$ cat input.pdb   # PDB, C-alpha atoms
ATOM      1  CA  MET A   1     -53.553 184.997-172.808  1.00  0.00           C
ATOM      2  CA  GLU A   2     -56.194 184.690-170.276  1.00  0.00           C
ATOM      3  CA  ALA A   3     -56.099 182.975-166.903  1.00  0.00           C
ATOM      4  CA  GLY A   4     -57.993 179.923-168.172  1.00  0.00           C
ATOM      5  CA  ASP A   5     -55.528 179.418-171.039  1.00  0.00           C
ATOM      6  CA  LEU A   6     -52.597 179.828-168.668  1.00  0.00           C
ATOM      7  CA  ALA A   7     -54.087 177.277-166.292  1.00  0.00           C
ATOM      8  CA  ALA A   8     -54.583 174.805-169.181  1.00  0.00           C
ATOM      9  CA  VAL A   9     -50.950 175.223-170.268  1.00  0.00           C
ATOM     10  CA  LEU A  10     -49.737 174.734-166.695  1.00  0.00           C
ATOM     11  CA  VAL A  11     -51.891 171.604-166.288  1.00  0.00           C
ATOM     12  CA  ALA A  12     -50.549 170.241-169.598  1.00  0.00           C
ATOM     13  CA  ILE A  13     -46.931 170.856-168.495  1.00  0.00           C
ATOM     14  CA  VAL A  14     -47.560 169.191-165.128  1.00  0.00           C
ATOM     15  CA  CYS A  15     -49.202 166.227-166.905  1.00  0.00           C
ATOM     16  CA  LEU A  16     -46.242 165.923-169.311  1.00  0.00           C
ATOM     17  CA  ALA A  17     -43.828 165.999-166.337  1.00  0.00           C
ATOM     18  CA  ALA A  18     -45.891 163.337-164.522  1.00  0.00           C
ATOM     19  CA  ILE A  19     -45.938 161.204-167.671  1.00  0.00           C
ATOM     20  CA  ALA A  20     -42.145 161.577-168.023  1.00  0.00           C
ATOM     21  CA  VAL A  21     -41.665 160.533-164.374  1.00  0.00           C
ATOM     22  CA  LEU A  22     -44.020 157.571-164.877  1.00  0.00           C
ATOM     23  CA  VAL A  23     -42.147 156.522-168.057  1.00  0.00           C
ATOM     24  CA  VAL A  24     -38.842 156.579-166.161  1.00  0.00           C
ATOM     25  CA  ALA A  25     -40.397 154.618-163.262  1.00  0.00           C
ATOM     26  CA  VAL A  26     -41.949 152.039-165.605  1.00  0.00           C
ATOM     27  CA  SER A  27     -38.644 151.718-167.490  1.00  0.00           C
ATOM     28  CA  SER A  28     -36.800 151.126-164.213  1.00  0.00           C
ATOM     29  CA  LEU A  29     -39.466 148.639-163.158  1.00  0.00           C
ATOM     30  CA  VAL A  30     -39.139 146.757-166.466  1.00  0.00           C
ATOM     31  CA  ARG A  31     -35.332 146.542-166.049  1.00  0.00           C
ATOM     32  CA  THR A  32     -35.782 145.271-162.498  1.00  0.00           C
ATOM     33  CA  LEU A  33     -38.304 142.668-163.642  1.00  0.00           C
ATOM     34  CA  ARG A  34     -35.911 141.467-166.390  1.00  0.00           C
ATOM     35  CA  THR A  35     -33.128 141.120-163.871  1.00  0.00           C
ATOM     36  CA  LEU A  36     -35.478 139.312-161.506  1.00  0.00           C
ATOM     37  CA  ARG A  37     -36.595 136.952-164.277  1.00  0.00           C
ATOM     38  CA  GLN A  38     -32.955 136.158-165.153  1.00  0.00           C
ATOM     39  CA  THR A  39     -32.186 135.527-161.500  1.00  0.00           C
ATOM     40  CA  VAL A  40     -35.195 133.227-161.123  1.00  0.00           C
ATOM     41  CA  ASP A  41     -34.212 131.317-164.290  1.00  0.00           C
ATOM     42  CA  LEU A  42     -30.646 130.938-163.017  1.00  0.00           C
ATOM     43  CA  LEU A  43     -31.959 129.822-159.643  1.00  0.00           C
ATOM     44  CA  ARG A  44     -34.160 127.206-161.303  1.00  0.00           C
ATOM     45  CA  GLU A  45     -31.243 125.924-163.383  1.00  0.00           C
ATOM     46  CA  GLU A  46     -29.012 125.531-160.346  1.00  0.00           C
ATOM     47  CA  ALA A  47     -31.451 124.805-157.520  1.00  0.00           C
ATOM     48  CA  VAL A  48     -33.490 122.025-159.101  1.00  0.00           C
ATOM     49  CA  PRO A  49     -30.459 119.738-159.672  1.00  0.00           C
ATOM     50  CA  MET A  50     -29.149 120.587-156.197  1.00  0.00           C
ATOM     51  CA  VAL A  51     -32.494 119.685-154.633  1.00  0.00           C
ATOM     52  CA  ALA A  52     -32.487 116.391-156.568  1.00  0.00           C
ATOM     53  CA  ASP A  53     -28.932 115.674-155.338  1.00  0.00           C
ATOM     54  CA  LEU A  54     -29.980 116.551-151.808  1.00  0.00           C
ATOM     55  CA  ARG A  55     -32.939 114.195-152.063  1.00  0.00           C
ATOM     56  CA  ARG A  56     -30.678 111.357-153.244  1.00  0.00           C
ATOM     57  CA  ALA A  57     -28.288 112.058-150.361  1.00  0.00           C
ATOM     58  CA  VAL A  58     -31.149 111.999-147.864  1.00  0.00           C
ATOM     59  CA  ASP A  59     -32.430 108.706-149.315  1.00  0.00           C
ATOM     60  CA  HIS A  60     -28.924 107.229-149.100  1.00  0.00           C
ATOM     61  CA  ALA A  61     -28.561 108.410-145.498  1.00  0.00           C
ATOM     62  CA  THR A  62     -31.957 106.943-144.638  1.00  0.00           C
ATOM     63  CA  VAL A  63     -30.916 103.561-146.033  1.00  0.00           C
ATOM     64  CA  GLY A  64     -27.674 103.751-144.042  1.00  0.00           C
ATOM     65  CA  LEU A  65     -29.522 104.627-140.851  1.00  0.00           C
ATOM     66  CA  GLU A  66     -31.900 101.725-141.369  1.00  0.00           C
ATOM     67  CA  ARG A  67     -28.904  99.396-141.741  1.00  0.00           C
ATOM     68  CA  VAL A  68     -27.335 100.780-138.563  1.00  0.00           C
ATOM     69  CA  ASP A  69     -30.643 100.361-136.754  1.00  0.00           C
ATOM     70  CA  ASP A  70     -30.843  96.735-137.907  1.00  0.00           C
ATOM     71  CA  LEU A  71     -27.235  96.158-136.804  1.00  0.00           C
ATOM     72  CA  LEU A  72     -27.950  97.660-133.388  1.00  0.00           C
ATOM     73  CA  ASP A  73     -31.009  95.441-132.995  1.00  0.00           C
ATOM     74  CA  THR A  74     -28.938  92.396-133.954  1.00  0.00           C
ATOM     75  CA  ALA A  75     -26.147  93.393-131.568  1.00  0.00           C
ATOM     76  CA  GLU A  76     -28.669  93.827-128.776  1.00  0.00           C
ATOM     77  CA  ASP A  77     -30.145  90.392-129.486  1.00  0.00           C
ATOM     78  CA  ILE A  78     -26.660  88.832-129.512  1.00  0.00           C
ATOM     79  CA  SER A  79     -25.770  90.604-126.276  1.00  0.00           C
ATOM     80  CA  THR A  80     -28.927  89.319-124.618  1.00  0.00           C
ATOM     81  CA  THR A  81     -28.244  85.785-125.837  1.00  0.00           C
ATOM     82  CA  VAL A  82     -24.604  85.862-124.699  1.00  0.00           C
ATOM     83  CA  ASP A  83     -25.628  87.256-121.320  1.00  0.00           C
ATOM     84  CA  ALA A  84     -28.195  84.494-120.839  1.00  0.00           C
ATOM     85  CA  ALA A  85     -25.700  81.830-121.971  1.00  0.00           C
ATOM     86  CA  SER A  86     -23.069  83.250-119.625  1.00  0.00           C
ATOM     87  CA  ARG A  87     -25.437  83.134-116.666  1.00  0.00           C
ATOM     88  CA  LEU A  88     -26.532  79.616-117.550  1.00  0.00           C
ATOM     89  CA  THR A  89     -22.909  78.477-117.906  1.00  0.00           C
ATOM     90  CA  TYR A  90     -21.994  80.072-114.581  1.00  0.00           C
ATOM     91  CA  ARG A  91     -24.927  78.420-112.834  1.00  0.00           C
ATOM     92  CA  ALA A  92     -24.209  75.068-114.461  1.00  0.00           C
ATOM     93  CA  LEU A  93     -20.435  74.989-113.927  1.00  0.00           C
ATOM     94  CA  SER A  94     -19.975  76.936-110.707  1.00  0.00           C
ATOM     95  CA  PRO A  95     -21.231  74.281-108.229  1.00  0.00           C
ATOM     96  CA  PRO A  96     -19.122  71.429-109.702  1.00  0.00           C
ATOM     97  CA  PHE A  97     -15.968  73.557-109.655  1.00  0.00           C
ATOM     98  CA  ILE A  98     -16.644  74.699-106.108  1.00  0.00           C
ATOM     99  CA  GLY A  99     -17.287  71.101-105.115  1.00  0.00           C
ATOM    100  CA  ALA A 100     -14.084  69.976-106.841  1.00  0.00           C
ATOM    101  CA  ALA A 101     -12.113  72.714-105.066  1.00  0.00           C
ATOM    102  CA  SER A 102     -13.631  71.683-101.746  1.00  0.00           C
ATOM    103  CA  MET A 103     -12.872  68.035-102.438  1.00  0.00           C
ATOM    104  CA  ALA A 104      -9.287  68.866-103.409  1.00  0.00           C
ATOM    105  CA  ALA A 105      -8.828  70.965-100.279  1.00  0.00           C
ATOM    106  CA  GLY A 106     -10.321  68.221 -98.117  1.00  0.00           C
ATOM    107  CA  PHE A 107      -8.245  65.551 -99.826  1.00  0.00           C
ATOM    108  CA  GLY A 108      -5.118  67.641 -99.336  1.00  0.00           C
ATOM    109  CA  ARG A 109      -5.934  68.080 -95.672  1.00  0.00           C
ATOM    110  CA  PHE A 110      -6.562  64.346 -95.402  1.00  0.00           C
ATOM    111  CA  LEU A 111      -3.172  63.569 -96.993  1.00  0.00           C
ATOM    112  CA  ARG A 112      -1.381  65.984 -94.688  1.00  0.00           C
ATOM    113  CA  ARG A 113      -3.018  64.380 -91.664  1.00  0.00           C
ATOM    114  CA  LEU A 114      -2.059  60.958 -92.942  1.00  0.00           C
ATOM    115  CA  ARG A 115       1.555  62.092 -93.155  1.00  0.00           C
ATOM    116  CA  GLY A 116       1.357  63.254 -89.588  1.00  0.00           C
ATOM    117  CA  GLY A 117       1.127  66.996 -90.139  1.00  0.00           C
ATOM    118  CA  THR A 118      -1.250  68.924 -87.916  1.00  0.00           C
ATOM    119  CA  SER A 119      -1.281  72.104 -89.935  1.00  0.00           C
ATOM    120  CA  GLY A 120      -4.387  71.191 -91.903  1.00  0.00           C
ATOM    121  CA  ARG A 121      -6.413  73.874 -93.489  1.00  0.00           C
ATOM    122  CA  GLY A 122      -9.617  74.838 -91.840  1.00  0.00           C
ATOM    123  CA  VAL A 123     -11.255  78.035 -90.715  1.00  0.00           C
ATOM    124  CA  GLY A 124      -9.373  80.998 -92.120  1.00  0.00           C
ATOM    125  CA  ASP A 125      -8.367  79.150 -95.282  1.00  0.00           C
ATOM    126  CA  PRO A 126      -9.174  81.334 -98.347  1.00  0.00           C
ATOM    127  CA  VAL A 127     -10.190  78.375-100.547  1.00  0.00           C
ATOM    128  CA  VAL A 128     -12.569  76.973 -97.943  1.00  0.00           C
ATOM    129  CA  GLU A 129     -14.044  80.390 -97.166  1.00  0.00           C
ATOM    130  CA  ALA A 130     -14.551  81.155-100.877  1.00  0.00           C
ATOM    131  CA  ALA A 131     -16.374  77.862-101.282  1.00  0.00           C
ATOM    132  CA  ALA A 132     -18.526  78.643 -98.250  1.00  0.00           C
ATOM    133  CA  ILE A 133     -19.390  82.068 -99.654  1.00  0.00           C
ATOM    134  CA  GLN A 134     -20.378  80.532-103.000  1.00  0.00           C
ATOM    135  CA  ILE A 135     -22.416  77.718-101.443  1.00  0.00           C
ATOM    136  CA  ARG A 136     -24.309  79.877 -98.940  1.00  0.00           C
ATOM    137  CA  PRO A 137     -24.369  83.421-100.342  1.00  0.00           C
ATOM    138  CA  GLU A 138     -27.629  84.358 -98.608  1.00  0.00           C
ATOM    139  CA  ARG A 139     -26.186  83.650 -95.184  1.00  0.00           C
ATOM    140  CA  ARG A 140     -23.032  85.635 -95.916  1.00  0.00           C
ATOM    141  CA  ARG A 141     -24.974  88.714 -96.980  1.00  0.00           C
ATOM    142  CA  ASP A 142     -26.831  88.800 -93.676  1.00  0.00           C
ATOM    143  CA  GLY A 143     -23.517  88.801 -91.789  1.00  0.00           C
ATOM    144  CA  VAL A 144     -24.007  85.252 -90.494  1.00  0.00           C
ATOM    145  CA  ALA A 145     -20.934  83.075 -91.002  1.00  0.00           C
TER     146      ALA A 145
END
$ encode --input "input.pdb" --output "C-alpha cells"
Amino acid sequence: MEAGDLAAVLVAIVCLAAIAVLVVAVSSLVRTLRTLRQTVDLLREEAVPMVADLRRAVDHATVGLERVDDLLDTAEDISTTVDAASRLTYRALSPPFIGAASMAAGFGRFLRRLRGGTSGRGVGDPVVEAAAIQIRPERRRDGVA
C-alpha cells in the first residue's frame, strides 16, 4: 500500500468518525427538540387558560376600583356638603343662642337685684365672658378685652 492509499483510508476513517459524532449530536438535538416541543405544548395548555383567568381577575378588580373611586367621590361630596351645612347652621344659630344666654344671665342678675342681693354676675362671670368672646372675636384675638 502506498502513501496515497494510506492517506485515503485515514481520511475515510476520520470522515466516518466525524459522521458518527454528527449522527449522535443530531440524535441528541432531535430528542431535545421533542422535549422542548412537549414542554411548549404543555405550557400552552396550562398558560393560556391561566392568562384568561388573570385577565378576568384584572377586569373584576378594575370594576371594583372604579366603584371604590365613585364611592370616595360621593363621600367627599357628602363631606363637603355636611361641612358647609354645619358652618351655615353654626353661623345661623350661634348668635341667637348667645343672645339668649346673655338675656338669661342679665335677667337672672336683674331678679337677684330685685330680691336685694348684691352678688350679681358681671366681669369675671364665665357665661358673660364666653358671650363677649363670641360676639367680638376679633377684639379678643388682638388681646383687647
$ atom_distance --input "input.pdb" --atom1 "atom CA of A:Ala47" --atom2 "atom CA of A:Arg31"
23.7 Å
$ atom_distance --input "input.pdb" --atom1 "atom CA of A:Ser27" --atom2 "atom CA of A:Leu42"
22.7 Å
$ axis_aligned_box --input "input.pdb" --around "stretch 29-37 of chain A" --padding-each-side "8 Å" --output "JSON"
{"center_x": -36.3, "center_y": 142.8, "center_z": -164.0, "size_x": 22.3, "size_y": 27.7, "size_z": 21.0}
$ atom_distance --input "input.pdb" --atom1 "atom CA of A:Leu88" --atom2 "atom CA of A:Val68"
29.8 Å
